[in-house]
$ cat final01.pdb   # PDB, C-alpha atoms, pLDDT in the B column
ATOM      1  CA  MET B  25     -23.197   0.436  10.313  1.00 60.00           C
ATOM      2  CA  GLU B  26     -23.601  -2.560   8.076  1.00 72.00           C
ATOM      3  CA  ILE B  27     -21.459  -2.958   5.024  1.00 77.00           C
ATOM      4  CA  SER B  28     -22.831  -4.572   1.894  1.00 80.00           C
ATOM      5  CA  LEU B  29     -21.323  -7.630   0.276  1.00 79.00           C
ATOM      6  CA  GLU B  30     -20.508  -5.512  -2.782  1.00 83.00           C
ATOM      7  CA  ASP B  31     -18.628  -3.015  -0.614  1.00 87.00           C
ATOM      8  CA  ILE B  32     -16.678  -5.825   1.033  1.00 85.00           C
ATOM      9  CA  ILE B  33     -15.718  -7.250  -2.343  1.00 87.00           C
ATOM     10  CA  THR B  34     -14.679  -3.781  -3.514  1.00 90.00           C
ATOM     11  CA  GLU B  35     -12.416  -3.516  -0.469  1.00 91.00           C
ATOM     12  CA  LEU B  36     -10.852  -6.885  -1.345  1.00 92.00           C
ATOM     13  CA  VAL B  37     -10.113  -5.699  -4.882  1.00 93.00           C
ATOM     14  CA  VAL B  38      -8.837  -2.247  -3.891  1.00 94.00           C
ATOM     15  CA  ASN B  39      -6.686  -3.368  -0.968  1.00 95.00           C
ATOM     16  CA  GLY B  40      -5.481  -6.473  -2.781  1.00 95.00           C
ATOM     17  CA  GLY B  41      -4.511  -4.396  -5.811  1.00 95.00           C
ATOM     18  CA  SER B  42      -2.710  -1.844  -3.653  1.00 97.00           C
ATOM     19  CA  ALA B  43      -0.835  -4.598  -1.819  1.00 97.00           C
ATOM     20  CA  LYS B  44       0.268  -6.201  -5.077  1.00 97.00           C
ATOM     21  CA  SER B  45       1.430  -2.847  -6.417  1.00 98.00           C
ATOM     22  CA  LYS B  46       3.485  -2.170  -3.263  1.00 98.00           C
ATOM     23  CA  ALA B  47       5.046  -5.647  -3.479  1.00 98.00           C
ATOM     24  CA  MET B  48       6.034  -5.012  -7.095  1.00 98.00           C
ATOM     25  CA  GLN B  49       7.554  -1.662  -6.079  1.00 98.00           C
ATOM     26  CA  ALA B  50       9.470  -3.471  -3.328  1.00 98.00           C
ATOM     27  CA  MET B  51      11.013  -5.870  -5.835  1.00 98.00           C
ATOM     28  CA  LYS B  52      12.025  -3.010  -8.109  1.00 98.00           C
ATOM     29  CA  ALA B  53      13.607  -1.109  -5.210  1.00 98.00           C
ATOM     30  CA  ALA B  54      15.540  -4.226  -4.183  1.00 98.00           C
ATOM     31  CA  ARG B  55      16.736  -4.789  -7.751  1.00 97.00           C
ATOM     32  CA  LEU B  56      18.130  -1.252  -7.677  1.00 97.00           C
ATOM     33  CA  GLY B  57      19.800  -1.901  -4.305  1.00 97.00           C
ATOM     34  CA  ASP B  58      17.457   0.294  -2.232  1.00 98.00           C
ATOM     35  CA  PHE B  59      16.684  -2.242   0.488  1.00 98.00           C
ATOM     36  CA  GLU B  60      15.327   0.322   2.921  1.00 98.00           C
ATOM     37  CA  MET B  61      12.684   1.311   0.376  1.00 98.00           C
ATOM     38  CA  ALA B  62      12.026  -2.354  -0.438  1.00 98.00           C
ATOM     39  CA  GLU B  63      11.328  -3.130   3.219  1.00 98.00           C
ATOM     40  CA  LEU B  64       9.064  -0.076   3.509  1.00 98.00           C
ATOM     41  CA  ARG B  65       7.054  -1.175   0.463  1.00 98.00           C
ATOM     42  CA  ILE B  66       6.721  -4.707   1.871  1.00 98.00           C
ATOM     43  CA  LYS B  67       5.440  -3.228   5.123  1.00 98.00           C
ATOM     44  CA  GLU B  68       2.887  -1.163   3.184  1.00 98.00           C
ATOM     45  CA  ALA B  69       1.847  -4.223   1.165  1.00 98.00           C
ATOM     46  CA  SER B  70       1.308  -6.143   4.389  1.00 98.00           C
ATOM     47  CA  GLU B  71      -0.838  -3.329   5.789  1.00 98.00           C
ATOM     48  CA  PHE B  72      -3.065  -3.387   2.693  1.00 97.00           C
ATOM     49  CA  LEU B  73      -3.321  -7.175   2.976  1.00 96.00           C
ATOM     50  CA  GLN B  74      -4.314  -6.856   6.614  1.00 97.00           C
ATOM     51  CA  LYS B  75      -7.124  -4.466   5.632  1.00 95.00           C
ATOM     52  CA  ALA B  76      -8.289  -6.820   2.893  1.00 93.00           C
ATOM     53  CA  HIS B  77      -8.180  -9.766   5.286  1.00 92.00           C
ATOM     54  CA  HIS B  78     -10.352  -7.804   7.731  1.00 91.00           C
ATOM     55  CA  PHE B  79     -13.029  -7.351   5.070  1.00 86.00           C
ATOM     56  CA  GLN B  80     -12.734 -10.975   4.005  1.00 85.00           C
ATOM     57  CA  THR B  81     -13.287 -12.019   7.625  1.00 86.00           C
ATOM     58  CA  GLU B  82     -16.353  -9.751   7.799  1.00 81.00           C
ATOM     59  CA  MET B  83     -17.787 -11.470   4.733  1.00 78.00           C
ATOM     60  CA  ILE B  84     -17.115 -14.953   6.086  1.00 78.00           C
ATOM     61  CA  GLN B  85     -18.625 -14.120   9.473  1.00 78.00           C
ATOM     62  CA  ALA B  86     -21.750 -12.637   7.895  1.00 72.00           C
ATOM     63  CA  VAL B  87     -22.215 -15.796   5.871  1.00 71.00           C
ATOM     64  CA  ALA B  88     -21.596 -17.973   8.934  1.00 75.00           C
ATOM     65  CA  ARG B  89     -24.222 -16.012  10.898  1.00 72.00           C
ATOM     66  CA  GLU B  90     -26.539 -16.403   7.908  1.00 70.00           C
ATOM     67  CA  GLU B  91     -27.019 -12.630   7.850  1.00 63.00           C
ATOM     68  CA  ASN B  92     -25.854 -12.523   4.294  1.00 59.00           C
ATOM     69  CA  PRO B  93     -26.422 -15.799   2.487  1.00 61.00           C
ATOM     70  CA  CYS B  94     -23.795 -15.873  -0.120  1.00 61.00           C
ATOM     71  CA  ALA B  95     -24.126 -17.367  -3.545  1.00 61.00           C
ATOM     72  CA  VAL B  96     -20.782 -17.521  -5.240  1.00 66.00           C
ATOM     73  CA  SER B  97     -20.652 -14.790  -7.834  1.00 76.00           C
ATOM     74  CA  LEU B  98     -18.120 -13.804 -10.429  1.00 81.00           C
ATOM     75  CA  ILE B  99     -17.440 -10.551  -8.583  1.00 81.00           C
ATOM     76  CA  MET B 100     -16.781 -12.448  -5.339  1.00 82.00           C
ATOM     77  CA  VAL B 101     -14.365 -14.766  -7.120  1.00 85.00           C
ATOM     78  CA  HIS B 102     -12.696 -11.692  -8.619  1.00 86.00           C
ATOM     79  CA  GLY B 103     -12.259 -10.144  -5.162  1.00 87.00           C
ATOM     80  CA  GLN B 104     -10.833 -13.337  -3.711  1.00 89.00           C
ATOM     81  CA  ASP B 105      -8.526 -13.690  -6.722  1.00 91.00           C
ATOM     82  CA  HIS B 106      -7.130 -10.198  -6.135  1.00 89.00           C
ATOM     83  CA  LEU B 107      -6.463 -10.991  -2.507  1.00 93.00           C
ATOM     84  CA  ILE B 108      -4.777 -14.334  -3.158  1.00 95.00           C
ATOM     85  CA  SER B 109      -2.700 -12.905  -6.005  1.00 96.00           C
ATOM     86  CA  ALA B 110      -1.550 -10.044  -3.801  1.00 96.00           C
ATOM     87  CA  MET B 111      -0.601 -12.399  -0.974  1.00 96.00           C
ATOM     88  CA  THR B 112       1.423 -14.563  -3.335  1.00 97.00           C
ATOM     89  CA  THR B 113       3.128 -11.546  -4.891  1.00 97.00           C
ATOM     90  CA  ARG B 114       4.057 -10.182  -1.445  1.00 98.00           C
ATOM     91  CA  ASP B 115       5.475 -13.555  -0.376  1.00 98.00           C
ATOM     92  CA  ILE B 116       7.530 -13.863  -3.558  1.00 98.00           C
ATOM     93  CA  ALA B 117       8.721 -10.253  -3.175  1.00 98.00           C
ATOM     94  CA  ILE B 118      10.030 -11.027   0.315  1.00 98.00           C
ATOM     95  CA  GLU B 119      12.099 -13.895  -1.098  1.00 98.00           C
ATOM     96  CA  MET B 120      13.288 -11.827  -4.069  1.00 97.00           C
ATOM     97  CA  ILE B 121      14.458  -9.047  -1.755  1.00 98.00           C
ATOM     98  CA  GLU B 122      16.592 -11.557   0.118  1.00 97.00           C
ATOM     99  CA  MET B 123      18.033 -12.832  -3.187  1.00 97.00           C
ATOM    100  CA  TYR B 124      18.832  -9.282  -4.302  1.00 97.00           C
ATOM    101  CA  LYS B 125      20.592  -8.674  -0.975  1.00 96.00           C
ATOM    102  CA  LEU B 126      22.788 -11.701  -1.646  1.00 95.00           C
ATOM    103  CA  ILE B 127      23.511 -10.523  -5.187  1.00 94.00           C
ATOM    104  CA  HIS B 128      24.359  -6.972  -4.091  1.00 93.00           C
ATOM    105  CA  ASN B 129      26.640  -8.226  -1.311  1.00 89.00           C
ATOM    106  CA  LYS B 130      28.835 -10.211  -3.730  1.00 83.00           C
TER
END
$ encode --input "final01.pdb" --output "structure tokens"
Amino acid sequence: MEISLEDIITELVVNGGSAKSKAMQAMKAARLGDFEMAELRIKEASEFLQKAHHFQTEMIQAVAREENPCAVSLIMVHGQDHLISAMTTRDIAIEMIEMYKLIHNK
């Protein structure tokens, strides 16, 4: 079954948005001292990012095979922006969790 470029971009937005949301929840849990929940939310964020990365790879491979010539569109940029923002948020959340652990241990 072939997936359309629009469907791939939708997956980037949905999974990227879910990953960012989970990373934000992780930071909040860590701020409240619930490090078990924080780690769970980071794990969930990473799973959403993995799904998004899968779809991104599909898009890149289709373009490389010239099955789906790809003109850069605003919606594609939007999808990529969601993914990159989510990755950055997850990475920052991981560092913030470690900082909150230090704060709570003092």
$ resolve_selection --input "final01.pdb" --expression "the PyMOL selection byres ((chain B and resi 37) around 9)" --output "PyMOL selection string"
chain B and resi 32-36+38-42+76+102-107
$ residues_around --input "final01.pdb" --residues "Ala43 of chain B" --least-positions-apart "3" --cutoff "12 Å" --atoms "all atoms listed in the file" --output "number ranges by chain"
B: 35-40, 46-50, 65-77, 106-115, 117
$ closest_residue --input "final01.pdb" --among "B:Leu98, B:Ala53, B:Met123, B:Met83" --to "Asp31 of chain B" --atoms "all atoms listed in the file"
B:Met83
$ atom_distance --input "final01.pdb" --atom1 "atom CA of Met61 of chain B" --atom2 "atom CA of His78 of chain B"
25.8 Å
$ residues_near_point --input "final01.pdb" --point "(18.6, -5.8, -1.1)" --cutoff "6 Å" --atoms "all atoms listed in the file" --output "list in words"
Ala54, Gly57, Phe59, Ile121, Tyr124 and Lys125 of chain B
$ write_last_selection --input "final01.pdb" --atoms "C-alpha atoms" --output "PDB file, in the frame of the given file"
ATOM      1  CA  ALA B  54      15.540  -4.226  -4.183  1.00 98.00           C
ATOM      2  CA  GLY B  57      19.800  -1.901  -4.305  1.00 97.00           C
ATOM      3  CA  PHE B  59      16.684  -2.242   0.488  1.00 98.00           C
ATOM      4  CA  ILE B 121      14.458  -9.047  -1.755  1.00 98.00           C
ATOM      5  CA  TYR B 124      18.832  -9.282  -4.302  1.00 97.00           C
ATOM      6  CA  LYS B 125      20.592  -8.674  -0.975  1.00 96.00           C
TER       7      LYS B 125
END
$ closest_residue --input "final01.pdb" --among "B:Lys44, B:Ile27, B:Ala86, B:Glu63" --to "Glu119 of chain B" --atoms "only C-alpha atoms"
B:Glu63
